[in-house]
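Structure first, then comments.
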Amino acid sequence: MLANLLRPRTAVSAHCDLPCGVYDPAQARIEAESVKAICEKYAANEDPVFRARAILIKEQRSQLVKEHLWVLWTDYFKPPHFEKYPQLHQLFNEATKLAGAGGTKGSMDVKAAEDLLARIAEIEKIFWETKQA
């Protein structure tokens, strides 16, 4: 009897966890822009205290980039997206690695931040194409 009461009466289907307005690659892009700006400021400043703080903040921002990308990769994009855009898995893999220890999280290289922003821009383009569909 209890099982009958708790059983769902209506089956529903959604392509994301919540209404799609909660997903937006802009979050990753904004954090990546911050990472790039921090790398540039680091290069222009010789103060060791400033530089230590810059490294810490840049590492935190890089981690946020990875987290925002992972949410898009695992929660927003679904198999039909990956079928239509076969490069999408590779883009996410490259972007998260660029935000990781081998990229912006582990270095102060402005070029790595620029490469990260380029990957995010490609993901963002695909994201907005899927939102139009």
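Labels used: A, B, ... for chains in the order of the structure tokens, numbers from 1 for residues in each chain, and numbers from 1 for ligands as shown.
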For this session: Could you give me, as a PyMOL selection string, the residues within 12 Å of stretch 83-88 of chain A, counting only C-alpha atoms and dropping anything in the same chain fewer than 4 positions from it?
Result: chain A and resi 69+72-74+77-79+92-95+119-120+122-127+129-130+133
Selected residues written out with N, CA and C atoms, as a PDB file, in the first residue's frame:
```
ATOM      1  N   LEU A  69      32.629  24.478 -15.979  1.00  0.00           N
ATOM      2  CA  LEU A  69      32.681  23.664 -17.189  1.00  0.00           C
ATOM      3  C   LEU A  69      32.150  22.256 -16.938  1.00  0.00           C
ATOM      4  N   LEU A  72      28.353  22.195 -16.991  1.00  0.00           N
ATOM      5  CA  LEU A  72      27.843  22.230 -18.362  1.00  0.00           C
ATOM      6  C   LEU A  72      28.031  20.874 -19.045  1.00  0.00           C
ATOM      7  N   TRP A  73      29.226  20.325 -18.907  1.00  0.00           N
ATOM      8  CA  TRP A  73      29.580  19.082 -19.586  1.00  0.00           C
ATOM      9  C   TRP A  73      28.703  17.925 -19.116  1.00  0.00           C
ATOM     10  N   THR A  74      28.504  17.835 -17.810  1.00  0.00           N
ATOM     11  CA  THR A  74      27.823  16.664 -17.263  1.00  0.00           C
ATOM     12  C   THR A  74      26.328  16.856 -17.048  1.00  0.00           C
ATOM     13  N   PHE A  77      24.713  19.422 -21.295  1.00  0.00           N
ATOM     14  CA  PHE A  77      24.836  18.757 -22.590  1.00  0.00           C
ATOM     15  C   PHE A  77      24.440  17.288 -22.467  1.00  0.00           C
ATOM     16  N   LYS A  78      23.643  16.844 -23.431  1.00  0.00           N
ATOM     17  CA  LYS A  78      23.111  15.478 -23.452  1.00  0.00           C
ATOM     18  C   LYS A  78      23.591  14.758 -24.715  1.00  0.00           C
ATOM     19  N   PRO A  79      23.376  13.441 -24.808  1.00  0.00           N
ATOM     20  CA  PRO A  79      23.843  12.677 -25.966  1.00  0.00           C
ATOM     21  C   PRO A  79      23.496  13.290 -27.334  1.00  0.00           C
ATOM     22  N   PHE A  92      35.699  20.200 -24.074  1.00  0.00           N
ATOM     23  CA  PHE A  92      35.602  20.230 -22.612  1.00  0.00           C
ATOM     24  C   PHE A  92      36.852  19.647 -21.965  1.00  0.00           C
ATOM     25  N   ASN A  93      37.351  18.562 -22.516  1.00  0.00           N
ATOM     26  CA  ASN A  93      38.562  17.953 -21.978  1.00  0.00           C
ATOM     27  C   ASN A  93      39.725  18.941 -22.031  1.00  0.00           C
ATOM     28  N   GLU A  94      39.913  19.578 -23.181  1.00  0.00           N
ATOM     29  CA  GLU A  94      40.999  20.545 -23.331  1.00  0.00           C
ATOM     30  C   GLU A  94      40.803  21.750 -22.409  1.00  0.00           C
ATOM     31  N   ALA A  95      39.573  22.249 -22.329  1.00  0.00           N
ATOM     32  CA  ALA A  95      39.316  23.427 -21.494  1.00  0.00           C
ATOM     33  C   ALA A  95      39.565  23.128 -20.016  1.00  0.00           C
ATOM     34  N   ARG A 119      38.923  28.150 -25.871  1.00  0.00           N
ATOM     35  CA  ARG A 119      38.132  26.912 -25.770  1.00  0.00           C
ATOM     36  C   ARG A 119      36.746  27.221 -25.209  1.00  0.00           C
ATOM     37  N   ILE A 120      36.708  28.071 -24.204  1.00  0.00           N
ATOM     38  CA  ILE A 120      35.407  28.428 -23.631  1.00  0.00           C
ATOM     39  C   ILE A 120      34.540  29.118 -24.674  1.00  0.00           C
ATOM     40  N   GLU A 122      34.523  28.557 -27.855  1.00  0.00           N
ATOM     41  CA  GLU A 122      33.987  27.515 -28.736  1.00  0.00           C
ATOM     42  C   GLU A 122      32.830  26.778 -28.078  1.00  0.00           C
ATOM     43  N   ILE A 123      32.975  26.474 -26.788  1.00  0.00           N
ATOM     44  CA  ILE A 123      31.907  25.810 -26.040  1.00  0.00           C
ATOM     45  C   ILE A 123      30.685  26.715 -25.970  1.00  0.00           C
ATOM     46  N   GLU A 124      30.939  27.990 -25.719  1.00  0.00           N
ATOM     47  CA  GLU A 124      29.855  28.970 -25.610  1.00  0.00           C
ATOM     48  C   GLU A 124      29.066  29.061 -26.925  1.00  0.00           C
ATOM     49  N   LYS A 125      29.760  29.046 -28.039  1.00  0.00           N
ATOM     50  CA  LYS A 125      29.104  29.107 -29.347  1.00  0.00           C
ATOM     51  C   LYS A 125      28.161  27.915 -29.524  1.00  0.00           C
ATOM     52  N   ILE A 126      28.656  26.734 -29.200  1.00  0.00           N
ATOM     53  CA  ILE A 126      27.834  25.531 -29.309  1.00  0.00           C
ATOM     54  C   ILE A 126      26.672  25.591 -28.332  1.00  0.00           C
ATOM     55  N   PHE A 127      26.942  26.025 -27.111  1.00  0.00           N
ATOM     56  CA  PHE A 127      25.885  26.140 -26.105  1.00  0.00           C
ATOM     57  C   PHE A 127      24.722  26.987 -26.640  1.00  0.00           C
ATOM     58  N   GLU A 129      23.975  27.722 -29.686  1.00  0.00           N
ATOM     59  CA  GLU A 129      23.305  27.049 -30.808  1.00  0.00           C
ATOM     60  C   GLU A 129      22.292  26.034 -30.289  1.00  0.00           C
ATOM     61  N   THR A 130      22.663  25.309 -29.213  1.00  0.00           N
ATOM     62  CA  THR A 130      21.725  24.313 -28.660  1.00  0.00           C
ATOM     63  C   THR A 130      20.537  24.987 -27.989  1.00  0.00           C
ATOM     64  N   ALA A 133      17.788  25.729 -30.507  1.00  0.00           N
ATOM     65  CA  ALA A 133      17.079  24.569 -31.074  1.00  0.00           C
ATOM     66  C   ALA A 133      15.813  24.248 -30.314  1.00  0.00           C
TER      67      ALA A 133
END
```
Problem set entry | Polymer residues at most 10 Å from A:Val110, only C-alpha atoms, same-chain spacing of 4 or more positions, as a PyMOL selection string | chain A and resi 35-40+42-43+103-104+114-116
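What separates atom CA of A:Ser34 from atom CA of A:Lys58 is a distance of 7.7 Å.
If only C-alpha atoms are the atoms counted, then among A:Ala28, A:Leu6, A:Ala99, A:Leu91 the closest residue to A:Ala113 is A:Ala99.
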